[in-house]
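J.: Next comes my_file.txt, compact mmCIF, C-alpha atoms and all ligand atoms:
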```txt
# COMPACT_ATOMS: atom_id res chain seq x y z
CA MET A 1 -22.91 -74.94 -47.85
CA SER A 2 -23.30 -72.42 -50.65
CA LYS A 3 -20.94 -69.48 -50.78
CA LEU A 4 -22.06 -65.94 -49.93
CA LYS A 5 -22.35 -64.01 -53.20
CA ILE A 6 -20.93 -60.57 -52.54
CA ALA A 7 -19.96 -57.40 -54.41
CA VAL A 8 -17.88 -54.38 -53.39
CA ILE A 9 -18.77 -50.76 -54.23
CA GLY A 10 -15.71 -48.47 -54.23
CA THR A 11 -12.34 -49.94 -55.14
CA GLY A 12 -10.02 -47.38 -53.61
CA LEU A 13 -7.57 -48.14 -50.81
CA VAL A 14 -9.97 -49.93 -48.51
CA GLY A 15 -12.40 -51.34 -51.10
CA THR A 16 -9.55 -53.13 -52.84
CA PHE A 17 -8.75 -54.84 -49.54
CA HIS A 18 -12.43 -55.79 -49.24
CA ALA A 19 -12.34 -57.31 -52.73
CA GLU A 20 -9.15 -59.21 -51.97
CA ALA A 21 -10.43 -60.58 -48.66
CA PHE A 22 -13.76 -61.71 -50.17
CA PHE A 23 -11.94 -63.22 -53.16
CA ARG A 24 -9.73 -65.29 -50.84
CA ASN A 25 -12.37 -66.23 -48.25
CA PRO A 26 -13.54 -69.85 -48.84
CA ASN A 27 -17.09 -68.97 -47.72
CA SER A 28 -17.60 -66.07 -50.13
CA ASP A 29 -17.84 -65.67 -53.87
CA LEU A 30 -16.75 -62.21 -55.05
CA VAL A 31 -19.18 -61.62 -57.92
CA ALA A 32 -18.37 -58.04 -58.90
CA VAL A 33 -16.69 -54.78 -57.97
CA CYS A 34 -17.83 -51.26 -58.82
CA ASP A 35 -16.08 -47.89 -59.06
CA VAL A 36 -16.64 -44.72 -61.05
CA ASP A 37 -12.95 -44.92 -61.95
CA LYS A 38 -12.95 -47.28 -64.93
CA GLU A 39 -9.23 -48.04 -64.92
CA LYS A 40 -9.19 -48.79 -61.20
CA VAL A 41 -12.26 -51.04 -61.24
CA ASN A 42 -11.09 -53.00 -64.27
CA SER A 43 -7.72 -53.61 -62.68
CA VAL A 44 -9.26 -54.80 -59.38
CA ALA A 45 -11.78 -57.00 -61.25
CA GLN A 46 -8.95 -58.56 -63.22
CA SER A 47 -6.86 -59.20 -60.08
CA PHE A 48 -9.73 -60.89 -58.29
CA ASN A 49 -11.43 -62.56 -61.22
CA CYS A 50 -14.85 -60.90 -61.05
CA LYS A 51 -17.06 -58.54 -63.09
CA ALA A 52 -16.52 -54.76 -63.19
CA TYR A 53 -19.23 -52.09 -63.00
CA GLU A 54 -18.95 -48.30 -63.07
CA ASP A 55 -22.48 -47.71 -61.80
CA PHE A 56 -23.70 -49.24 -58.53
CA THR A 57 -27.35 -49.02 -59.59
CA LYS A 58 -26.57 -51.26 -62.54
CA LEU A 59 -24.57 -53.65 -60.38
CA ILE A 60 -27.30 -54.00 -57.74
CA ASN A 61 -30.06 -54.39 -60.36
CA THR A 62 -28.16 -56.88 -62.51
CA GLU A 63 -26.39 -59.31 -60.23
CA THR A 64 -27.89 -61.92 -57.93
CA LEU A 65 -26.23 -61.20 -54.59
CA ASP A 66 -26.52 -62.14 -50.93
CA ALA A 67 -24.41 -59.29 -49.59
CA ILE A 68 -22.76 -56.01 -50.48
CA SER A 69 -19.91 -54.03 -49.06
CA ILE A 70 -20.01 -50.25 -49.42
CA ALA A 71 -16.50 -48.79 -49.37
CA THR A 72 -17.10 -45.48 -51.14
CA PRO A 73 -16.20 -42.18 -49.47
CA GLU A 74 -18.75 -41.43 -46.74
CA GLN A 75 -20.41 -38.78 -48.94
CA ILE A 76 -21.80 -41.73 -50.92
CA ARG A 77 -23.54 -44.06 -48.50
CA ILE A 78 -27.30 -43.43 -48.55
CA GLU A 79 -28.16 -44.37 -52.13
CA PRO A 80 -26.26 -47.68 -52.39
CA ALA A 81 -27.34 -48.65 -48.85
CA VAL A 82 -31.03 -47.96 -49.49
CA MET A 83 -30.92 -49.85 -52.80
CA SER A 84 -29.21 -52.79 -51.09
CA VAL A 85 -31.89 -52.83 -48.38
CA LYS A 86 -34.60 -52.94 -51.06
CA LYS A 87 -32.86 -55.96 -52.61
CA GLY A 88 -32.74 -57.69 -49.19
CA LEU A 89 -28.93 -57.82 -49.07
CA LYS A 90 -26.70 -58.21 -46.03
CA ILE A 91 -24.63 -55.06 -45.77
CA LEU A 92 -21.14 -54.09 -44.69
CA LEU A 93 -20.81 -50.33 -44.42
CA GLU A 94 -17.46 -48.62 -44.13
CA LYS A 95 -17.20 -46.12 -41.31
CA PRO A 96 -17.95 -43.24 -40.89
CA LEU A 97 -21.64 -43.15 -41.76
CA GLY A 98 -21.63 -39.72 -43.40
CA ARG A 99 -20.20 -36.20 -43.56
CA ASN A 100 -22.79 -34.55 -41.31
CA LEU A 101 -25.34 -35.60 -38.70
CA GLU A 102 -28.30 -34.72 -40.89
CA LYS A 103 -27.18 -37.15 -43.61
CA ILE A 104 -26.21 -39.77 -41.03
CA ASN A 105 -29.66 -39.60 -39.43
CA GLU A 106 -31.25 -39.81 -42.87
CA LEU A 107 -29.20 -42.93 -43.66
CA VAL A 108 -29.97 -44.59 -40.34
CA ASN A 109 -33.69 -43.79 -40.52
CA LYS A 110 -33.91 -45.22 -44.03
CA ILE A 111 -32.16 -48.51 -43.31
CA LYS A 112 -32.54 -49.22 -39.58
CA ASP A 113 -35.55 -51.53 -39.96
CA HIS A 114 -33.76 -53.81 -42.42
CA ASN A 115 -34.22 -57.41 -41.32
CA LYS A 116 -30.75 -58.51 -42.48
CA ILE A 117 -27.35 -57.89 -40.92
CA ILE A 118 -25.90 -54.38 -41.23
CA SER A 119 -22.34 -54.30 -39.94
CA VAL A 120 -20.18 -51.17 -39.71
CA ASN A 121 -16.48 -51.76 -40.29
CA PHE A 122 -14.79 -50.67 -37.06
CA ILE A 123 -11.66 -52.76 -37.45
CA LEU A 124 -10.13 -52.42 -33.97
CA HIS A 125 -12.63 -55.02 -32.79
CA GLU A 126 -10.61 -57.62 -34.73
CA ASP A 127 -7.20 -56.52 -33.41
CA PRO A 128 -6.29 -59.36 -30.99
CA ARG A 129 -5.06 -56.87 -28.37
CA TYR A 130 -8.31 -54.90 -28.35
CA LYS A 131 -10.28 -58.14 -28.49
CA LEU A 132 -8.49 -59.51 -25.43
CA MET A 133 -8.82 -56.17 -23.65
CA LYS A 134 -12.59 -56.19 -24.26
CA GLU A 135 -12.85 -59.73 -22.90
CA LYS A 136 -10.85 -58.87 -19.73
CA VAL A 137 -12.96 -55.77 -19.11
CA LYS A 138 -16.17 -57.73 -19.65
CA ASN A 139 -15.01 -60.45 -17.24
CA ASP A 140 -14.38 -57.80 -14.59
CA GLU A 141 -10.64 -58.57 -14.45
CA ILE A 142 -9.68 -54.89 -14.06
CA GLY A 143 -12.78 -53.86 -12.12
CA ASN A 144 -14.83 -50.82 -13.03
CA ILE A 145 -13.33 -48.50 -15.61
CA VAL A 146 -12.08 -45.29 -14.04
CA SER A 147 -10.47 -43.71 -17.10
CA CYS A 148 -9.32 -44.41 -20.66
CA PHE A 149 -6.72 -42.63 -22.73
CA ALA A 150 -6.70 -43.07 -26.50
CA ARG A 151 -4.15 -41.72 -28.95
CA ARG A 152 -4.20 -41.92 -32.75
CA ARG A 153 -1.45 -39.88 -34.38
CA GLY A 154 -1.07 -40.24 -38.12
CA ASN A 155 1.50 -38.81 -40.46
CA ARG A 156 1.15 -36.03 -43.02
CA PHE A 157 -0.31 -38.34 -45.68
CA GLY A 158 -3.52 -37.76 -43.71
CA ILE A 159 -3.49 -34.04 -44.47
CA GLU A 160 -2.56 -34.67 -48.09
CA ILE A 161 -4.89 -37.54 -48.91
CA TYR A 162 -7.79 -37.36 -46.47
CA ALA A 163 -8.20 -33.74 -45.30
CA PRO A 164 -9.57 -32.54 -48.68
CA TRP A 165 -12.66 -34.79 -48.40
CA THR A 166 -12.97 -36.03 -44.82
CA ASP A 167 -11.63 -34.97 -41.43
CA LEU A 168 -9.57 -36.16 -38.51
CA LEU A 169 -12.41 -36.88 -36.06
CA SER A 170 -14.75 -38.58 -38.54
CA SER A 171 -12.09 -40.63 -40.29
CA THR A 172 -9.57 -41.39 -37.58
CA LEU A 173 -10.44 -40.75 -33.94
CA ILE A 174 -13.90 -42.28 -34.43
CA HIS A 175 -12.28 -45.72 -34.06
CA ASP A 176 -11.12 -44.91 -30.51
CA ILE A 177 -14.32 -43.10 -29.58
CA GLN A 178 -16.36 -46.13 -30.63
CA MET A 179 -13.98 -48.54 -28.85
CA THR A 180 -14.05 -46.65 -25.52
CA MET A 181 -17.84 -46.49 -25.77
CA SER A 182 -18.06 -50.22 -26.48
CA ILE A 183 -16.21 -51.18 -23.26
CA ASN A 184 -17.94 -48.73 -20.93
CA LYS A 185 -21.12 -49.99 -19.26
CA SER A 186 -22.65 -46.49 -19.35
CA LYS A 187 -23.13 -43.88 -22.07
CA PRO A 188 -21.20 -40.63 -22.64
CA VAL A 189 -22.93 -37.56 -21.20
CA ARG A 190 -20.55 -34.70 -22.01
CA VAL A 191 -17.53 -33.87 -24.18
CA PHE A 192 -15.12 -30.99 -24.37
CA ALA A 193 -12.62 -30.69 -27.22
CA GLU A 194 -9.99 -28.23 -28.40
CA ALA A 195 -8.29 -28.25 -31.79
CA VAL A 196 -5.24 -26.94 -33.59
CA ILE A 197 -6.43 -25.49 -36.90
CA ARG A 198 -3.62 -24.51 -39.26
CA GLU A 199 -3.07 -26.41 -42.49
CA CYS A 200 -6.58 -27.88 -42.37
CA LYS A 201 -8.17 -24.44 -42.04
CA GLU A 202 -8.83 -24.37 -45.79
CA TYR A 203 -10.90 -27.54 -45.38
CA ASP A 204 -12.74 -26.14 -42.33
CA SER A 205 -11.28 -28.97 -40.21
CA HIS A 206 -8.56 -29.82 -37.72
CA ASP A 207 -4.82 -30.63 -37.73
CA ALA A 208 -4.92 -31.96 -34.16
CA VAL A 209 -7.57 -32.48 -31.48
CA MET A 210 -7.51 -33.20 -27.77
CA ALA A 211 -10.79 -34.08 -26.08
CA ILE A 212 -12.20 -35.25 -22.79
CA MET A 213 -15.41 -37.23 -22.43
CA LYS A 214 -17.43 -37.98 -19.31
CA PHE A 215 -19.59 -41.09 -18.97
CA ASP A 216 -22.80 -41.40 -17.01
CA ASP A 217 -21.05 -43.59 -14.38
CA GLY A 218 -18.58 -40.77 -13.68
CA SER A 219 -15.63 -42.34 -15.55
CA LEU A 220 -13.57 -40.36 -18.05
CA ALA A 221 -11.93 -40.87 -21.42
CA SER A 222 -9.35 -38.56 -22.95
CA PHE A 223 -8.27 -38.50 -26.59
CA GLU A 224 -5.38 -37.12 -28.59
CA THR A 225 -5.29 -37.25 -32.38
CA SER A 226 -3.42 -35.54 -35.21
CA TRP A 227 -2.06 -36.13 -38.70
CA VAL A 228 1.01 -33.90 -38.71
CA LEU A 229 3.90 -36.30 -38.02
CA PRO A 230 6.63 -36.58 -40.70
CA LYS A 231 5.91 -39.06 -43.49
CA ASN A 232 9.12 -40.91 -42.74
CA GLN A 233 8.50 -41.41 -39.05
CA PRO A 234 9.31 -45.03 -38.09
CA GLU A 235 5.74 -46.00 -37.22
CA PRO A 236 3.27 -44.80 -39.89
CA LEU A 237 0.49 -44.73 -37.31
CA ASP A 238 1.04 -44.11 -33.60
CA PRO A 239 -2.02 -45.35 -31.70
CA ALA A 240 -2.60 -46.31 -28.06
CA LEU A 241 -5.37 -47.24 -25.72
CA HIS A 242 -4.87 -47.26 -21.95
CA VAL A 243 -7.74 -48.58 -19.85
CA ILE A 244 -7.50 -47.96 -16.13
CA GLY A 245 -9.85 -49.86 -13.86
CA ASP A 246 -10.18 -49.83 -10.07
CA LYS A 247 -8.61 -53.33 -9.93
CA GLY A 248 -6.08 -53.18 -12.76
CA SER A 249 -5.14 -51.71 -16.11
CA ILE A 250 -4.64 -52.72 -19.75
CA ILE A 251 -2.23 -50.87 -22.01
CA ILE A 252 -2.15 -51.19 -25.81
CA GLU A 253 0.66 -49.33 -27.59
CA GLY A 254 1.57 -48.93 -31.24
CA SER A 255 0.56 -50.61 -34.49
CA SER A 256 3.96 -52.25 -35.07
CA MET A 257 3.27 -54.70 -32.23
CA GLY A 258 6.91 -54.43 -31.13
CA LEU A 259 8.49 -55.11 -34.53
CA GLN A 260 11.47 -52.82 -35.25
CA MET A 261 13.62 -52.95 -38.39
CA GLN A 262 16.94 -51.20 -38.96
CA THR A 263 18.60 -51.21 -42.42
CA GLU A 264 21.56 -49.13 -43.65
CA THR A 265 19.20 -46.32 -44.64
CA ASN A 266 16.02 -46.78 -42.65
CA TYR A 267 14.64 -47.37 -39.17
CA MET A 268 11.09 -48.73 -39.38
CA LYS A 269 8.35 -49.89 -37.07
CA PRO A 270 5.99 -51.23 -39.76
CA ASP A 271 2.25 -51.60 -39.29
CA ILE A 272 1.47 -55.18 -38.31
CA ALA A 273 -1.90 -54.47 -36.71
CA ASN A 274 -4.13 -52.77 -39.30
CA TRP A 275 -3.58 -53.77 -42.93
CA PRO A 276 -0.02 -55.01 -43.44
CA THR A 277 0.79 -56.94 -46.60
CA ILE A 278 2.25 -60.27 -45.52
CA ASP A 279 3.03 -63.02 -48.05
CA SER A 280 1.72 -60.60 -50.72
CA LYS A 281 -1.74 -60.70 -49.11
CA VAL A 282 -3.66 -58.20 -47.01
CA ASP A 283 -3.55 -59.13 -43.34
CA GLY A 284 -4.23 -57.55 -39.95
CA CYS A 285 -7.46 -56.53 -38.28
CA LEU A 286 -8.97 -55.09 -41.47
CA LYS A 287 -8.76 -58.51 -43.13
CA ARG A 288 -10.00 -60.30 -40.00
CA GLY A 289 -12.94 -57.86 -39.79
CA LEU A 290 -13.87 -58.65 -43.40
CA ASP A 291 -13.63 -62.38 -42.73
CA LYS A 292 -15.81 -61.88 -39.66
CA PHE A 293 -18.46 -60.17 -41.79
CA ILE A 294 -18.60 -63.25 -44.04
CA GLU A 295 -18.76 -65.51 -40.98
CA ASP A 296 -21.52 -63.35 -39.43
CA CYS A 297 -23.53 -63.60 -42.66
CA VAL A 298 -23.01 -67.33 -43.13
CA PHE A 299 -23.65 -68.33 -39.50
CA ASP A 300 -26.20 -65.61 -38.71
CA GLN A 301 -24.04 -64.01 -36.01
CA LYS A 302 -24.21 -60.51 -34.57
CA PRO A 303 -21.75 -57.91 -35.92
CA ALA A 304 -19.17 -56.35 -33.58
CA VAL A 305 -20.56 -52.89 -34.38
CA ASN A 306 -24.13 -52.52 -35.58
CA LEU A 307 -25.82 -49.46 -37.02
CA GLN A 308 -27.02 -48.15 -33.64
CA ALA A 309 -23.53 -48.42 -32.04
CA ALA A 310 -22.02 -46.65 -35.06
CA LEU A 311 -24.65 -43.91 -34.83
CA GLU A 312 -23.85 -43.36 -31.13
CA ALA A 313 -20.13 -42.94 -31.93
CA GLU A 314 -21.05 -40.45 -34.68
CA ARG A 315 -23.05 -38.42 -32.18
CA VAL A 316 -19.96 -38.09 -29.99
CA VAL A 317 -17.83 -37.12 -33.02
CA PHE A 318 -20.26 -34.33 -33.89
CA ALA A 319 -20.53 -33.22 -30.25
CA MET A 320 -16.72 -32.88 -30.26
CA LYS A 321 -16.89 -30.81 -33.45
CA GLU A 322 -19.54 -28.59 -31.88
CA SER A 323 -17.44 -28.22 -28.73
CA ILE A 324 -14.44 -27.11 -30.81
CA ALA A 325 -16.54 -24.63 -32.78
CA LYS A 326 -18.23 -23.12 -29.70
CA GLY A 327 -15.38 -23.47 -27.19
CA ILE A 328 -17.68 -25.04 -24.58
CA PRO A 329 -18.47 -28.54 -23.25
CA ILE A 330 -21.39 -30.18 -25.06
CA ASP A 331 -23.94 -32.42 -23.37
CA ILE A 332 -24.74 -35.67 -25.14
CA ASN A 333 -28.01 -37.47 -24.74
CA ILE A 334 -27.75 -41.06 -25.91
CA SER A 335 -30.65 -42.97 -24.44
N1 LIG B 1 -12.45 -49.25 -41.54
C1 LIG B 1 -11.27 -48.69 -41.73
O1 LIG B 1 -10.32 -48.93 -40.99
C2 LIG B 1 -11.08 -47.79 -42.90
C3 LIG B 1 -9.79 -47.55 -43.41
C4 LIG B 1 -9.65 -46.68 -44.49
C5 LIG B 1 -10.77 -46.05 -45.03
N2 LIG B 1 -12.00 -46.30 -44.49
C6 LIG B 1 -13.20 -45.63 -45.02
O2 LIG B 1 -13.51 -46.17 -46.30
C7 LIG B 1 -14.03 -45.16 -47.15
C8 LIG B 1 -13.18 -45.10 -48.43
O3 LIG B 1 -11.86 -44.74 -48.06
P1 LIG B 1 -10.60 -45.01 -49.01
O4 LIG B 1 -9.41 -44.62 -48.25
O5 LIG B 1 -10.69 -46.36 -49.61
O6 LIG B 1 -10.88 -43.90 -50.13
P2 LIG B 1 -10.41 -43.94 -51.65
O7 LIG B 1 -10.53 -42.54 -52.15
O8 LIG B 1 -9.08 -44.62 -51.76
O9 LIG B 1 -11.48 -44.88 -52.36
C9 LIG B 1 -12.81 -44.50 -52.57
C10 LIG B 1 -13.23 -45.07 -53.94
O10 LIG B 1 -14.62 -44.86 -54.10
C11 LIG B 1 -14.82 -44.55 -55.47
N3 LIG B 1 -16.11 -43.91 -55.67
C12 LIG B 1 -16.46 -42.62 -55.45
N4 LIG B 1 -17.74 -42.43 -55.78
C13 LIG B 1 -18.22 -43.61 -56.23
C14 LIG B 1 -19.49 -44.04 -56.70
N5 LIG B 1 -20.54 -43.21 -56.80
N6 LIG B 1 -19.63 -45.33 -57.07
C15 LIG B 1 -18.59 -46.20 -56.99
N7 LIG B 1 -17.36 -45.83 -56.54
C16 LIG B 1 -17.19 -44.56 -56.15
C17 LIG B 1 -13.64 -43.67 -55.84
O11 LIG B 1 -13.44 -43.59 -57.25
C18 LIG B 1 -12.53 -44.38 -55.10
O12 LIG B 1 -11.88 -45.34 -55.91
C19 LIG B 1 -13.99 -43.86 -46.35
O13 LIG B 1 -15.25 -43.59 -45.82
C20 LIG B 1 -12.99 -44.14 -45.25
O14 LIG B 1 -13.22 -43.45 -44.05
C21 LIG B 1 -12.17 -47.14 -43.46
```
When written as structure tokens, how does the structure in this file appear?
T.:
Amino acid sequence: MSKLKIAVIGTGLVGTFHAEAFFRNPNSDLVAVCDVDKEKVNSVAQSFNCKAYEDFTKLINTETLDAISIATPEQIRIEPAVMSVKKGLKILLEKPLGRNLEKINELVNKIKDHNKIISVNFILHEDPRYKLMKEKVKNDEIGNIVSCFARRRGNRFGIEIYAPWTDLLSSTLIHDIQMTMSINKSKPVRVFAEAVIRECKEYDSHDAVMAIMKFDDGSLASFETSWVLPKNQPEPLDPALHVIGDKGSIIIEGSSMGLQMQTETNYMKPDIANWPTIDSKVDGCLKRGLDKFIEDCVFDQKPAVNLQAALEAERVVFAMKESIAKGIPIDINIS
């Protein structure tokens, strides 16, 4: 079997993990990486033994590829995605799909008829706890969902690093919104959200958000998210998902998966779930999601989250933003 020839556009935090995972995966051949930051891209290319480009147009037009992964900030999605579609490539898109609904709709309309896989990287689907939860819900082991509660509290690095160019709902809570939507048999019909707007006011976004969402079958989901916790809090990310059914419940808590470490100076609950470095290699559900993309491409499997499912989650995100701005519940019409 020939290896999947793949390249990565954007070699920041997450794109470097993409490059590493594709470099190590026995079914893929990392051909090239691309970033406008010359120093960064050269260093990643050297680490993972591939070519470096500073211009994605040049990369896509020069290399013979089977697939591409687009890990740029969400402001830069449409152009590389459309070019990749024209070249007939399989595509992994980082979430979210864009900075506003207009651009997201433009992206989706331009690429939705592509006849190759387009997968959107919602990594919780490869966390074994969420995976098992989805299976139990699907097999009717907790009955019909009555309510879900999702929490995703980050620390202040979020305000420092992410607030200047993205926002809490689009970058962070979208994972939980998409996950609750993926396990519910019906679609969301209404959301109401309130926000705390202090330090993020200068970015026209939110420090913290609480929201409630109603599904067509009458069930509810509530959400709490923020990025204001101290940087030295024991668990860098404090997530949860509680699913309550009429025959049982499933509770997922934390990203440390129960691991606690006490030294003479520190108490830590390190991330084991998302992208821990173990044995000097990226691990966790991000890495498993990237491996799944390669597997989906090689064995022609369906992605966990396709373009349509990602679009539906985006519509809820933007309904929440509208609810915060107007102070009223917003109806959602996802047919
Ligand atoms: N799936 C997940 O769990 C997950 C986790 C983290 C980030 N993300 C998403 O991934 C995206 C990137 O996030 P990040 O934290 O890696 O950001 P980052 O700022 O660390 O990296 C983005 C990189 O893209 C590069 N870039 C910008 N414009 C470019 C262009 N025109 N061509 C090539 N490279 C360009 C930048 O120089 C930078 O190196 C965001 O949309 C973010 O929401 C997803």
J.: Return as number ranges by chain every polymer residue, whether protein, DNA or RNA, with at least one atom no more than 8 Å from an atom of ligand LIG 1 (chain B); count all atoms listed in the file.
T.: A: 9-16, 34-37, 40-41, 54-56, 71-76, 94-98, 121-124, 162, 166, 170-172, 175, 274, 286
J.: Which is closer to Asn109 in chain A than all the others in A:Leu132, A:Leu311, A:Val305, A:Ile324, using all atoms listed in the file?
T.: A:Leu311
J.: Work out how far apart CA of Asp296 in chain A and CA of Ser186 in chain A are and give it in Å to one decimal.
T.: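 CA of Asp296 in chain A sits 26.2 Å away from CA of Ser186 in chain A.
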J.: Quick one: residues within 10 Å of Asn333 in chain A, only C-alpha atoms counted, chain neighbours fewer than 6 positions away excluded, as a VMD selection string?
T.: chain A and resid 187 to 190 312 315 to 316
J.: Report, in Å with one decimal, the straight-line distance from CA of Asp127 in chain A to CA of Arg288 in chain A.
T.: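 Going from CA of Asp127 in chain A over to CA of Arg288 in chain A covers 8.1 Å.
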J.: If we count all atoms listed in the file and set the cut-off at 10 Å, which residues sit around Leu169 in chain A, ignoring sequence neighbours fewer than 6 positions away in its own chain? Please answer as a list in words.
T.: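 Skipping anything fewer than 6 positions along the chain leaves Pro96, His175, Asp176, Ile177, Ser205, His206, Asp207, Ala208, Val209, Thr225, Ser226, Glu314, Val316, Val317, Phe318, Met320 and Lys321 of chain A.
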J.: For Phe23 in chain A, which residue out of A:Cys285, A:Ala240, A:Ile294, A:Ala319 is the nearest one, using all atoms listed in the file?
T.: A:Ile294
J.: May I ask which of the residues A:Asn27, A:Thr64, A:Ser182, A:Asn115 is the closest one to Tyr130 in chain A, counting only C-alpha atoms?
T.: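 Distance minimum relative to Tyr130 in chain A lands on A:Ser182.
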J.: I'd like to know which of A:Ile330, A:Tyr203, A:Glu102, A:Asp66 is closest to Gly88 in chain A, using all atoms listed in the file.
T.: A:Asp66
J.: For a quick check of understanding, using all atoms listed in the file, which of A:Val31, A:Ala193, A:Ile117, A:Ala221 has the smallest distance to Leu241 in chain A?
T.: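 Among A:Val31, A:Ala193, A:Ile117, A:Ala221, it is A:Ala221 that comes nearest to Leu241 in chain A.
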